[in-house]
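Structure file coords_22.txt (compact mmCIF, C-alpha atoms and all ligand atoms) is printed below.
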```txt
# COMPACT_ATOMS: atom_id res chain seq x y z
CA MET A 18 -17.37 0.74 5.68
CA ALA A 19 -14.47 -1.41 6.74
CA GLY A 20 -11.50 0.88 6.96
CA ILE A 21 -10.22 4.38 7.52
CA TYR A 22 -7.07 5.70 5.86
CA ILE A 23 -5.46 8.94 7.07
CA HIS A 24 -2.81 10.57 4.92
CA ILE A 25 -0.15 12.52 6.83
CA PRO A 26 1.61 14.46 4.05
CA TYR A 27 4.96 15.26 5.68
CA CYS A 28 8.45 13.76 5.34
CA ARG A 29 11.78 14.89 6.78
CA GLN A 30 13.46 14.39 3.42
CA LYS A 31 12.14 13.32 0.03
CA CYS A 32 13.31 9.94 -1.21
CA ASN A 33 14.28 10.42 -4.85
CA TYR A 34 11.95 7.73 -6.28
CA CYS A 35 8.83 8.77 -4.36
CA ASN A 36 5.71 9.99 -6.10
CA PHE A 37 3.41 9.96 -3.07
CA PHE A 38 2.09 13.34 -2.06
CA SER A 39 4.18 14.79 0.79
CA VAL A 40 6.06 17.99 1.67
CA VAL A 41 9.17 18.55 3.78
CA SER A 42 8.12 21.74 5.52
CA THR A 43 6.38 20.74 8.76
CA LYS A 44 5.18 24.25 9.71
CA SER A 45 1.56 23.41 8.92
CA VAL A 46 1.42 20.11 10.89
CA PRO A 47 -0.77 21.39 13.80
CA GLY A 48 -3.18 23.11 11.38
CA MET A 49 -3.25 19.98 9.23
CA ILE A 50 -4.16 17.67 12.13
CA ASN A 51 -6.90 20.11 13.12
CA ALA A 52 -8.17 20.17 9.51
CA ILE A 53 -8.17 16.36 9.23
CA CYS A 54 -10.18 16.23 12.49
CA ASN A 55 -12.64 18.68 10.91
CA GLU A 56 -12.88 16.56 7.76
CA ILE A 57 -13.66 13.56 10.00
CA ASN A 58 -16.35 15.67 11.74
CA ILE A 59 -17.98 16.60 8.45
CA ARG A 60 -17.89 13.14 6.88
CA SER A 61 -18.64 10.91 9.87
CA ARG A 62 -22.09 12.40 10.58
CA GLY A 63 -24.73 9.71 10.57
CA ASN A 64 -22.24 6.93 9.88
CA SER A 65 -22.93 3.92 12.06
CA GLN A 66 -20.78 1.32 10.31
CA THR A 67 -18.17 -0.54 12.33
CA ILE A 68 -14.56 0.25 11.52
CA GLU A 69 -12.36 -2.82 11.33
CA THR A 70 -9.08 -1.17 10.32
CA ILE A 71 -7.37 2.21 10.65
CA TYR A 72 -4.25 2.98 8.63
CA LEU A 73 -2.09 6.04 9.28
CA GLY A 74 -0.01 6.44 6.14
CA GLY A 75 1.81 9.09 4.25
CA GLY A 76 4.20 10.72 4.11
CA THR A 77 5.63 9.86 7.48
CA PRO A 78 3.01 9.69 10.25
CA SER A 79 5.66 8.63 12.77
CA LEU A 80 7.08 12.16 12.76
CA ILE A 81 3.85 13.62 14.19
CA ASP A 82 4.10 15.02 17.67
CA HIS A 83 2.54 12.71 20.28
CA ASP A 84 -0.15 15.12 21.46
CA LEU A 85 -1.31 15.76 17.89
CA LEU A 86 -1.43 12.04 17.10
CA ASN A 87 -3.44 11.56 20.28
CA ASP A 88 -5.93 14.28 19.13
CA LEU A 89 -6.27 12.63 15.74
CA LEU A 90 -6.96 9.12 16.99
CA LYS A 91 -9.26 10.44 19.71
CA LYS A 92 -11.31 12.13 16.98
CA VAL A 93 -11.56 8.88 15.00
CA PHE A 94 -12.69 6.93 18.10
CA GLU A 95 -15.24 9.63 19.04
CA SER A 96 -16.65 9.81 15.51
CA TYR A 97 -16.83 6.15 14.49
CA ASN A 98 -17.76 2.84 16.01
CA VAL A 99 -14.30 1.25 16.03
CA SER A 100 -14.26 -2.52 16.57
CA ASN A 101 -12.50 -3.71 19.75
CA ASP A 102 -10.14 -5.85 17.71
CA ALA A 103 -9.52 -3.27 14.97
CA GLU A 104 -6.15 -3.43 13.21
CA ILE A 105 -4.55 0.01 13.72
CA THR A 106 -1.40 0.49 11.65
CA LEU A 107 1.11 3.34 11.73
CA GLU A 108 3.68 3.80 8.96
CA ALA A 109 7.00 4.54 10.62
CA ASN A 110 10.40 5.67 9.50
CA PRO A 111 13.24 3.70 11.19
CA ASP A 112 14.68 6.93 12.68
CA ASP A 113 11.43 7.64 14.57
CA ILE A 114 11.33 4.25 16.30
CA THR A 115 12.46 4.95 19.86
CA PRO A 116 11.40 3.23 23.11
CA GLU A 117 9.51 6.38 24.12
CA SER A 118 7.56 6.58 20.85
CA LEU A 119 6.81 2.87 20.81
CA LEU A 120 5.36 2.98 24.32
CA PHE A 121 3.27 6.01 23.40
CA TRP A 122 1.94 4.49 20.16
CA ARG A 123 0.95 1.32 22.05
CA LYS A 124 -0.89 3.44 24.61
CA LEU A 125 -2.84 5.10 21.79
CA GLY A 126 -4.07 1.69 20.62
CA ILE A 127 -1.77 1.35 17.60
CA ASN A 128 -1.12 -2.38 17.30
CA ARG A 129 0.80 -2.72 14.03
CA LEU A 130 3.79 -0.89 12.58
CA SER A 131 4.68 -0.69 8.91
CA ILE A 132 8.35 0.22 8.71
CA GLY A 133 9.85 1.70 5.55
CA ILE A 134 13.17 -0.15 5.60
CA GLN A 135 13.64 -0.50 1.79
CA SER A 136 17.09 -2.10 2.18
CA PHE A 137 19.45 -3.26 4.92
CA ARG A 138 22.41 -2.03 2.79
CA GLN A 139 23.82 1.48 2.95
CA ASP A 140 24.67 1.68 -0.80
CA ASP A 141 21.03 1.09 -1.71
CA LEU A 142 19.77 3.57 0.88
CA ASN A 143 22.18 6.17 -0.53
CA TYR A 144 21.01 5.46 -4.09
CA LEU A 145 17.37 6.00 -2.97
CA ASN A 146 18.22 9.09 -0.87
CA ARG A 147 16.66 7.49 2.21
CA ILE A 148 17.20 9.39 5.44
CA HIS A 149 17.97 6.41 7.73
CA SER A 150 21.07 4.24 7.92
CA ALA A 151 21.37 0.48 7.34
CA GLN A 152 22.24 -0.02 11.01
CA THR A 153 19.11 1.85 12.14
CA ALA A 154 17.03 -0.24 9.74
CA PHE A 155 18.22 -3.41 11.44
CA ASN A 156 18.05 -2.17 15.04
CA CYS A 157 14.61 -0.57 14.85
CA VAL A 158 12.89 -3.89 14.16
CA LYS A 159 14.38 -5.41 17.32
CA THR A 160 13.43 -2.37 19.38
CA ALA A 161 9.87 -2.39 18.00
CA ARG A 162 9.39 -6.00 19.01
CA GLN A 163 10.98 -5.47 22.42
CA TYR A 164 8.54 -2.61 23.12
CA GLY A 165 5.34 -4.49 22.29
CA PHE A 166 4.95 -4.59 18.51
CA PRO A 167 5.10 -8.23 17.43
CA ASP A 168 2.75 -7.41 14.54
CA LEU A 169 5.21 -5.76 12.18
CA THR A 170 5.55 -5.37 8.47
CA ILE A 171 8.45 -3.92 6.53
CA ASP A 172 8.92 -2.74 2.95
CA LEU A 173 11.92 -3.73 0.87
CA ILE A 174 12.76 -2.60 -2.67
CA TYR A 175 14.45 -4.72 -5.33
CA GLY A 176 15.77 -3.80 -8.76
CA ILE A 177 17.98 -1.03 -7.31
CA PRO A 178 21.05 -0.76 -9.58
CA THR A 179 23.37 -0.99 -6.53
CA LEU A 180 21.69 -4.25 -5.41
CA ASN A 181 22.95 -7.36 -7.20
CA ASP A 182 21.25 -10.75 -6.86
CA ASN A 183 23.54 -11.84 -4.00
CA HIS A 184 22.85 -8.62 -2.12
CA TRP A 185 19.13 -9.19 -2.61
CA VAL A 186 19.37 -12.68 -1.11
CA GLU A 187 21.34 -11.19 1.82
CA ASN A 188 18.55 -8.66 2.38
CA LEU A 189 15.97 -11.45 2.35
CA LYS A 190 18.08 -13.50 4.79
CA THR A 191 18.29 -10.52 7.12
CA PHE A 192 14.52 -10.14 6.87
CA THR A 193 13.84 -13.78 7.82
CA SER A 194 16.42 -13.65 10.64
CA LEU A 195 14.35 -10.86 12.20
CA GLU A 196 11.23 -13.11 12.24
CA ILE A 197 8.88 -10.45 10.90
CA PRO A 198 5.41 -11.87 10.10
CA HIS A 199 4.59 -9.68 7.10
CA PHE A 200 6.55 -8.17 4.27
CA SER A 201 5.95 -6.01 1.18
CA ALA A 202 8.47 -6.04 -1.66
CA TYR A 203 8.34 -3.57 -4.54
CA ALA A 204 10.30 -3.26 -7.76
CA LEU A 205 12.00 0.11 -8.02
CA THR A 206 10.07 2.06 -10.64
CA VAL A 207 11.26 5.32 -12.07
CA GLU A 208 8.22 7.57 -12.14
CA PRO A 209 8.21 10.60 -14.43
CA LYS A 210 9.00 13.95 -12.76
CA THR A 211 10.71 12.34 -9.75
CA PRO A 212 14.26 13.43 -8.83
CA LEU A 213 15.36 9.84 -9.59
CA HIS A 214 14.09 10.21 -13.16
CA GLN A 215 16.03 13.46 -13.58
CA LEU A 216 19.21 12.06 -12.00
CA ILE A 217 19.14 9.07 -14.33
CA GLU A 218 18.43 11.32 -17.34
CA LYS A 219 21.44 13.47 -16.43
CA GLY A 220 23.63 10.36 -16.06
CA LYS A 221 24.21 10.98 -12.34
CA LEU A 222 22.66 7.67 -11.24
CA LYS A 223 22.70 4.28 -12.94
CA PRO A 224 19.44 3.40 -14.72
CA VAL A 225 17.15 0.64 -13.52
CA ASP A 226 17.44 -2.61 -15.46
CA GLU A 227 14.08 -4.35 -16.06
CA TYR A 228 15.76 -7.76 -16.47
CA GLN A 229 17.49 -7.41 -13.12
CA SER A 230 14.14 -6.50 -11.53
CA SER A 231 12.37 -9.52 -13.02
CA ALA A 232 15.19 -11.85 -12.00
CA GLN A 233 15.06 -10.49 -8.44
CA PHE A 234 11.27 -10.94 -8.34
CA GLU A 235 11.79 -14.61 -9.21
CA ILE A 236 14.47 -14.93 -6.52
CA LEU A 237 12.02 -13.33 -4.09
CA MET A 238 9.15 -15.73 -4.86
CA ASP A 239 11.39 -18.75 -4.55
CA PHE A 240 13.08 -17.57 -1.34
CA MET A 241 9.83 -16.65 0.43
CA LYS A 242 8.14 -19.92 -0.51
CA LYS A 243 11.04 -21.85 1.04
CA ALA A 244 10.87 -19.63 4.12
CA GLY A 245 7.21 -20.59 4.64
CA TYR A 246 5.59 -17.27 3.71
CA LEU A 247 2.34 -17.08 1.73
CA HIS A 248 2.62 -15.01 -1.44
CA TYR A 249 -0.91 -13.69 -1.03
CA GLU A 250 -0.64 -10.57 -3.19
CA ILE A 251 1.91 -9.75 -5.90
CA SER A 252 3.87 -7.46 -3.59
CA ASN A 253 2.90 -8.98 -0.23
CA PHE A 254 3.97 -12.01 1.76
CA CYS A 255 2.96 -13.18 5.22
CA LEU A 256 3.21 -16.03 7.65
CA PRO A 257 -0.14 -17.87 7.91
CA GLY A 258 -2.70 -15.72 9.76
CA HIS A 259 -0.79 -12.44 9.37
CA PHE A 260 -2.57 -10.89 6.37
CA ALA A 261 -2.66 -7.08 6.27
CA ARG A 262 -6.35 -6.65 7.03
CA HIS A 263 -6.50 -3.03 5.88
CA ASN A 264 -4.92 -3.66 2.49
CA LEU A 265 -7.03 -6.78 2.00
CA SER A 266 -10.11 -4.57 2.03
CA TYR A 267 -8.68 -2.55 -0.91
CA TRP A 268 -8.02 -5.71 -2.88
CA LYS A 269 -11.44 -7.17 -2.11
CA GLY A 270 -13.35 -4.02 -3.09
CA ILE A 271 -14.61 -3.29 0.45
CA PRO A 272 -15.53 0.40 1.07
CA TYR A 273 -13.12 2.66 2.95
CA ALA A 274 -12.84 6.35 3.77
CA GLY A 275 -9.63 8.34 3.25
CA PHE A 276 -8.91 11.60 5.09
CA GLY A 277 -6.20 14.20 4.53
CA PRO A 278 -4.70 15.65 1.33
CA SER A 279 -4.60 13.22 -1.62
CA ALA A 280 -6.41 10.46 0.32
CA HIS A 281 -8.77 8.29 -1.72
CA SER A 282 -12.14 6.87 -0.64
CA PHE A 283 -14.47 4.22 -2.06
CA ASP A 284 -18.08 3.64 -1.02
CA GLY A 285 -18.83 0.61 -3.17
CA SER A 286 -19.80 2.55 -6.28
CA THR A 287 -18.07 5.97 -6.16
CA ARG A 288 -14.37 6.65 -5.92
CA SER A 289 -13.33 10.04 -4.56
CA TRP A 290 -10.02 11.71 -3.88
CA ASN A 291 -8.93 14.75 -1.91
CA VAL A 292 -6.86 17.52 -3.43
CA SER A 293 -3.07 16.92 -3.41
CA SER A 294 -2.08 20.28 -1.95
CA VAL A 295 -1.56 21.28 1.68
CA ASN A 296 -2.74 24.87 1.13
CA ASP A 297 -5.79 24.00 -0.96
CA TYR A 298 -6.78 21.28 1.49
CA LEU A 299 -6.47 23.60 4.52
CA LYS A 300 -8.35 26.43 2.77
CA SER A 301 -11.18 24.19 1.69
CA ILE A 302 -11.69 22.63 5.13
CA THR A 303 -11.57 26.09 6.76
CA GLU A 304 -14.43 27.06 4.44
CA ASN A 305 -16.30 23.91 5.51
CA GLN A 306 -16.01 22.46 2.00
CA LEU A 307 -14.79 18.96 1.22
CA PRO A 308 -11.72 19.26 -1.03
CA GLN A 309 -12.84 16.29 -3.11
CA GLU A 310 -13.43 15.16 -6.65
CA SER A 311 -15.23 11.93 -7.44
CA GLU A 312 -16.29 9.55 -10.17
CA VAL A 313 -19.08 7.01 -10.21
CA LEU A 314 -17.74 3.69 -11.42
CA SER A 315 -19.56 2.01 -14.30
CA THR A 316 -20.13 -1.77 -14.26
CA ASN A 317 -17.29 -1.91 -16.74
CA ASP A 318 -14.96 -0.02 -14.37
CA LYS A 319 -15.91 -2.24 -11.45
CA TYR A 320 -15.30 -5.41 -13.47
CA ASN A 321 -11.89 -4.09 -14.59
CA GLU A 322 -10.94 -3.24 -10.99
CA TYR A 323 -12.12 -6.66 -9.83
CA VAL A 324 -9.92 -8.35 -12.46
CA MET A 325 -6.90 -6.13 -11.80
CA THR A 326 -6.92 -6.52 -8.02
CA GLY A 327 -8.20 -10.11 -7.92
CA LEU A 328 -5.52 -11.43 -10.25
CA ARG A 329 -2.85 -9.91 -8.02
CA THR A 330 -3.99 -12.06 -5.08
CA MET A 331 -3.69 -15.75 -4.31
CA TRP A 332 -7.52 -15.97 -4.35
CA GLY A 333 -7.59 -14.85 -7.98
CA CYS A 334 -10.86 -14.22 -9.86
CA LYS A 335 -13.89 -16.46 -9.45
CA LEU A 336 -16.21 -17.05 -12.36
CA THR A 337 -19.28 -17.37 -10.12
CA GLU A 338 -18.41 -14.05 -8.48
CA ILE A 339 -17.99 -12.32 -11.87
CA GLU A 340 -21.39 -13.60 -13.00
CA LEU A 341 -23.06 -12.62 -9.73
CA LYS A 342 -21.53 -9.13 -9.57
CA PHE A 343 -21.44 -8.12 -13.24
CA GLY A 344 -23.63 -10.52 -15.22
CA LYS A 345 -23.24 -13.51 -17.52
CA SER A 346 -21.87 -11.52 -20.46
CA PHE A 347 -18.88 -10.45 -18.34
CA ALA A 348 -18.28 -14.03 -17.17
CA ASP A 349 -18.40 -15.26 -20.80
CA TYR A 350 -16.01 -12.53 -21.90
CA PHE A 351 -13.62 -13.33 -19.03
CA ILE A 352 -13.52 -17.04 -19.81
CA SER A 353 -12.98 -16.41 -23.51
CA ARG A 354 -9.96 -14.18 -22.80
CA THR A 355 -8.32 -16.51 -20.25
CA GLU A 356 -7.86 -19.49 -22.60
CA GLN A 357 -4.66 -18.16 -24.19
CA TRP A 358 -3.10 -17.42 -20.79
CA ILE A 359 -3.95 -20.87 -19.44
CA SER A 360 -2.41 -22.55 -22.52
CA ALA A 361 0.71 -20.39 -22.07
CA LYS A 362 0.87 -21.62 -18.42
CA LEU A 363 0.75 -18.05 -17.14
CA MET A 364 -2.61 -18.67 -15.50
CA SER A 365 -4.13 -21.71 -13.84
CA THR A 366 -7.67 -22.65 -12.96
CA SER A 367 -9.36 -24.93 -10.49
CA ASP A 368 -13.09 -25.01 -9.71
CA PHE A 369 -13.63 -21.93 -11.91
CA GLN A 370 -11.18 -19.91 -9.82
CA PHE A 371 -8.42 -18.30 -11.93
CA THR A 372 -5.01 -17.39 -10.51
CA LEU A 373 -1.67 -16.36 -12.01
CA THR A 374 1.19 -18.86 -11.99
CA ASP A 375 4.59 -17.63 -10.76
CA LYS A 376 5.58 -16.95 -14.39
CA GLY A 377 2.27 -15.15 -14.91
CA LYS A 378 2.96 -12.89 -11.93
CA LEU A 379 5.86 -11.42 -13.90
CA GLN A 380 3.32 -10.17 -16.46
CA ALA A 381 0.42 -9.45 -14.11
CA ASP A 382 -0.42 -5.97 -15.42
CA GLY A 383 -0.35 -7.04 -19.09
CA ILE A 384 -2.54 -10.10 -18.46
CA ALA A 385 -5.04 -8.07 -16.42
CA ALA A 386 -5.19 -5.43 -19.17
CA ASP A 387 -5.96 -8.13 -21.71
CA LEU A 388 -8.95 -9.27 -19.63
CA PHE A 389 -10.30 -5.73 -19.21
CA MET A 390 -13.58 -4.82 -20.77
CA VAL A 391 -13.29 -1.67 -22.86
CA ASP A 392 -16.36 0.24 -24.06
CA GLN A 393 -16.33 -1.25 -27.55
CA ASP A 394 -16.30 -4.78 -26.02
CA VAL A 395 -19.48 -3.90 -24.13
CA LYS A 396 -21.16 -2.72 -27.33
CA SER A 397 -20.28 -5.93 -29.13
CA LEU A 398 -21.67 -8.25 -26.41
S1 LIG B 401 9.45 8.53 3.40
FE1 LIG B 401 7.91 7.51 2.09
S2 LIG B 401 6.43 9.11 1.54
FE2 LIG B 401 8.27 10.15 2.35
S3 LIG B 401 9.48 10.65 0.54
FE3 LIG B 401 10.21 8.65 1.30
S4 LIG B 401 9.00 7.12 0.18
FE4 LIG B 401 7.95 9.10 -0.06
```

Could you take the file, read its structure, and then write that structure out as C-alpha cells?
Ligand code: SF4
Amino acid sequence: MAGIYIHIPYCRQKCNYCNFFSVVSTKSVPGMINAICNEINIRSRGNSQTIETIYLGGGTPSLIDHDLLNDLLKKVFESYNVSNDAEITLEANPDDITPESLLFWRKLGINRLSIGIQSFRQDDLNYLNRIHSAQTAFNCVKTARQYGFPDLTIDLIYGIPTLNDNHWVENLKTFTSLEIPHFSAYALTVEPKTPLHQLIEKGKLKPVDEYQSSAQFEILMDFMKKAGYLHYEISNFCLPGHFARHNLSYWKGIPYAGFGPSAHSFDGSTRSWNVSSVNDYLKSITENQLPQESEVLSTNDKYNEYVMTGLRTMWGCKLTEIELKFGKSFADYFISRTEQWISAKLMSTSDFQFTLTDKGKLQADGIAADLFMVDQDVKSL
C-alpha cells in the first residue's frame, strides 16, 4: 500500500459549488478524531507495507485543533511503517495559515500544504461563497513559504462567470509571481443539488458558460507551458520534479487506504468507501464495525479505470501495459478504437504509447468513454 488518505469532514462555511462530504457543525470533531484513530487501529492490524504518502484532506483539515491533529498523526505513525521521506500533505484554508499553525504543522512532520485559493479576485470568491478574502489568498502563500513550506500547491478555478479571460490571465500571472512549484486548476462545474445549482436555477447567480470554460482551459495550457510547468495530468501542473506523489498513486492504480467518513480505499482489486454521514460513521466505529461498502472490480472495470486515468496523464496509456495487465483482446480493442482519434489529431502515439493532444484534452472524458469496454464488447471479443 502506497498511501493513506484521511478525510476530515468539517468546514467553517460551505462553498456553494462543493459536493464533497463535509458539515459545518464542529461539535463532533474530538469524537471524530478518536473514531478515525479507532478505524486506523482496526484496519492496520497485520499491515507491514511501507507508507510513502499521507494526505489529510476534506473538508478542511487545517481547522483541526493542534492537539487532535497530533493525536491523529501519532496514531498513523504508530500503526504503519511510514517511510522517512514520506510526502505528508495537509489541505489548508488560507484563513488558517498563521505562523503559529505553520510551525506546529512542520513539527508534526507535515511537509506539503495544499491551499484552496480558488481565485486571487474578490468577485470570484464572492460568487463561490468562499470564506477567505483575495488579500488573504495572496498573503498566505508568502507566509507559508517564510515558515518552512517551500513544497506548496494551490487550487484555482476557471470558468467562473465573474472571471473573464483577462482576469484569468491575471490570476495565472499572480500564481507564477508567487513561485509555487505545483498547481491544480479545475473548471467550475455545477453539480446537481448544490446551492450553486439552486442559485443559478432561481436566476440569482449567472450560469456557467461551457465555451468560456473551454477557452480558459486553452489559455491555461498555453500559459503554463510558456511558464515552464509540466502539464502532467489534465488538472495538474508542476515544475520538473514536483509531482504530487500521493495523487500520482491514484492515477497509476497503486493501492491506498482511506479513513474517515466518505473516504475511499483501493487494494488493487477491491474498491471500498466509508459511509458519508458523521453520525453513522461514529456509531459504526463505536460498535467496532467498519462503516464500509465495497465492490470487487472486474477486469473490464480495471481496464476502463486504467484508460480513464491514464489518458488524463502525460504518460498516457501503453499498449504493452494493456496487454500485460488485461490480455491481448483488450489491447486489440484499444488499438481499434484509437484510430479515429489519432486521425482527428486528438490523440497521438509514439512507441505504442498513446496520449491526448492539447485539443484532445478538451474532450478527455468523451474520448476515454469511447475506449471503454462495456459488457457487450467483452461478449463479442
Ligand atoms: S472548503 Fe473545500 S470541502 Fe469545504 S465547502 Fe469549500 S470546497 Fe467544499

Exercise for review: Would you list the residues that come within 6 Å of ligand LIG 401 (chain B)? Count all atoms listed in the file and give the answer as a VMD selection string.
Suggested key: chain A and resid 28 31 to 32 35 37 75 to 77

How close does each residue of stretch 23-54 of chain A get to stretch 81-96 of chain A, giving the shortest atom pair and distance in Å to one decimal for every residue with an atom at most 7 Å away, counting only C-alpha atoms, sorted by chain and residue number, as CSV?
```
residue,atom,partner,partner_atom,distance
A:Pro47,CA,A:Leu85,CA,7.0
A:Ile50,CA,A:Leu89,CA,6.5
A:Cys54,CA,A:Lys92,CA,6.2
```

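Each of A:Arg329, A:His214, A:His199, A:Lys44 was compared to A:Asp375 using all atoms listed in the file, and A:Arg329 turns out to be the nearest.
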
**Study point:** Polymer residues at most 10 Å from A:Phe276, all atoms listed in the file, same-chain spacing of 5 or more positions, as number ranges by chain
**Key:** A: 21-25, 52-57, 60, 73, 281-282, 290-291

Exercise for review: Compare A:Leu119, A:Glu187, A:Ile148, A:Ser131 by their minimum atom-to-atom distance to A:Ala161, counting all atoms listed in the file, and give me the closest one.
Suggested key: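 Distance minimum relative to A:Ala161 lands on A:Leu119.
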
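The shortest atom-to-atom distance to A:Asp392, with only C-alpha atoms taken into account, belongs to A:Asn317 out of A:Asn98, A:Asn317, A:Thr372, A:Ser230.
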
Exercise for review: Within 7 Å of A:Ser311, counting only C-alpha atoms, which residues show up once you throw out same-chain ones fewer than 4 positions away? Write them as an MDAnalysis selection string, please.
Suggested key: chainID A and resid 287:290

Revision key, fill the gap. Nearest to A:Glu304, restricted to only C-alpha atoms and choosing among A:Ile59, A:Thr330, A:Thr43, A:Thr70, comes out as A:Ile59

Can I get the residues of stretch 223-247 of chain A within 10 Å of stretch 206-210 of chain A, each with the closest pair of atoms and their distance in Å to one decimal, using all atoms listed in the file, sorted chain first then ascending number, as JSON lines?
```
{"residue": "A:Pro224", "atom": "CA", "partner": "A:Val207", "partner_atom": "CA", "distance": 8.8}
{"residue": "A:Val225", "atom": "CA", "partner": "A:Val207", "partner_atom": "CA", "distance": 7.7}
{"residue": "A:Asp226", "atom": "CA", "partner": "A:Thr206", "partner_atom": "CA", "distance": 10.0}
{"residue": "A:Glu227", "atom": "CA", "partner": "A:Thr206", "partner_atom": "CA", "distance": 9.3}
{"residue": "A:Ser230", "atom": "CA", "partner": "A:Thr206", "partner_atom": "CA", "distance": 9.5}
```

Point to revise | Distance of atom CA of A:Gly20 from atom CA of A:Asn128, expressed in Å to one decimal place | key: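 Atom-to-atom, atom CA of A:Asn128 and atom CA of A:Gly20 are spaced 15.0 Å apart.
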
For stretch 299-314 of chain A, which lacks atoms in the input, supply N, CA and C atoms and format the output as a PDB file, in the frame of the given file.
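File out-v2.pdb, as written:
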```pdb
ATOM      1  N   LEU A 299      -6.203  22.824   3.298  1.00  0.00           N
ATOM      2  CA  LEU A 299      -6.470  23.600   4.520  1.00  0.00           C
ATOM      3  C   LEU A 299      -7.533  24.671   4.255  1.00  0.00           C
ATOM      4  N   LYS A 300      -7.407  25.342   3.112  1.00  0.00           N
ATOM      5  CA  LYS A 300      -8.350  26.430   2.770  1.00  0.00           C
ATOM      6  C   LYS A 300      -9.766  25.860   2.638  1.00  0.00           C
ATOM      7  N   SER A 301      -9.864  24.776   1.935  1.00  0.00           N
ATOM      8  CA  SER A 301     -11.180  24.190   1.690  1.00  0.00           C
ATOM      9  C   SER A 301     -11.859  23.755   2.989  1.00  0.00           C
ATOM     10  N   ILE A 302     -11.090  23.103   3.868  1.00  0.00           N
ATOM     11  CA  ILE A 302     -11.690  22.630   5.130  1.00  0.00           C
ATOM     12  C   ILE A 302     -12.080  23.829   6.000  1.00  0.00           C
ATOM     13  N   THR A 303     -11.233  24.887   5.988  1.00  0.00           N
ATOM     14  CA  THR A 303     -11.570  26.090   6.760  1.00  0.00           C
ATOM     15  C   THR A 303     -12.905  26.664   6.286  1.00  0.00           C
ATOM     16  N   GLU A 304     -13.162  26.542   4.981  1.00  0.00           N
ATOM     17  CA  GLU A 304     -14.430  27.060   4.440  1.00  0.00           C
ATOM     18  C   GLU A 304     -15.554  26.028   4.546  1.00  0.00           C
ATOM     19  N   ASN A 305     -15.293  24.952   5.299  1.00  0.00           N
ATOM     20  CA  ASN A 305     -16.300  23.910   5.510  1.00  0.00           C
ATOM     21  C   ASN A 305     -16.682  23.177   4.222  1.00  0.00           C
ATOM     22  N   GLN A 306     -15.773  23.153   3.280  1.00  0.00           N
ATOM     23  CA  GLN A 306     -16.010  22.460   2.000  1.00  0.00           C
ATOM     24  C   GLN A 306     -15.120  21.231   1.948  1.00  0.00           C
ATOM     25  N   LEU A 307     -15.646  20.136   1.398  1.00  0.00           N
ATOM     26  CA  LEU A 307     -14.790  18.960   1.220  1.00  0.00           C
ATOM     27  C   LEU A 307     -13.933  19.151  -0.029  1.00  0.00           C
ATOM     28  N   PRO A 308     -12.608  19.013   0.109  1.00  0.00           N
ATOM     29  CA  PRO A 308     -11.720  19.260  -1.030  1.00  0.00           C
ATOM     30  C   PRO A 308     -11.624  18.025  -1.938  1.00  0.00           C
ATOM     31  N   GLN A 309     -12.765  17.596  -2.455  1.00  0.00           N
ATOM     32  CA  GLN A 309     -12.840  16.290  -3.110  1.00  0.00           C
ATOM     33  C   GLN A 309     -13.307  16.366  -4.552  1.00  0.00           C
ATOM     34  N   GLU A 310     -12.821  15.423  -5.346  1.00  0.00           N
ATOM     35  CA  GLU A 310     -13.430  15.160  -6.650  1.00  0.00           C
ATOM     36  C   GLU A 310     -13.845  13.704  -6.613  1.00  0.00           C
ATOM     37  N   SER A 311     -14.803  13.335  -7.475  1.00  0.00           N
ATOM     38  CA  SER A 311     -15.230  11.930  -7.440  1.00  0.00           C
ATOM     39  C   SER A 311     -15.683  11.454  -8.808  1.00  0.00           C
ATOM     40  N   GLU A 312     -15.721  10.143  -8.949  1.00  0.00           N
ATOM     41  CA  GLU A 312     -16.290   9.550 -10.170  1.00  0.00           C
ATOM     42  C   GLU A 312     -17.105   8.336  -9.778  1.00  0.00           C
ATOM     43  N   VAL A 313     -18.249   8.192 -10.447  1.00  0.00           N
ATOM     44  CA  VAL A 313     -19.080   7.010 -10.210  1.00  0.00           C
ATOM     45  C   VAL A 313     -18.570   5.929 -11.146  1.00  0.00           C
ATOM     46  N   LEU A 314     -18.284   4.768 -10.587  1.00  0.00           N
ATOM     47  CA  LEU A 314     -17.740   3.690 -11.420  1.00  0.00           C
ATOM     48  C   LEU A 314     -18.857   3.004 -12.198  1.00  0.00           C
TER      49      LEU A 314
END
```
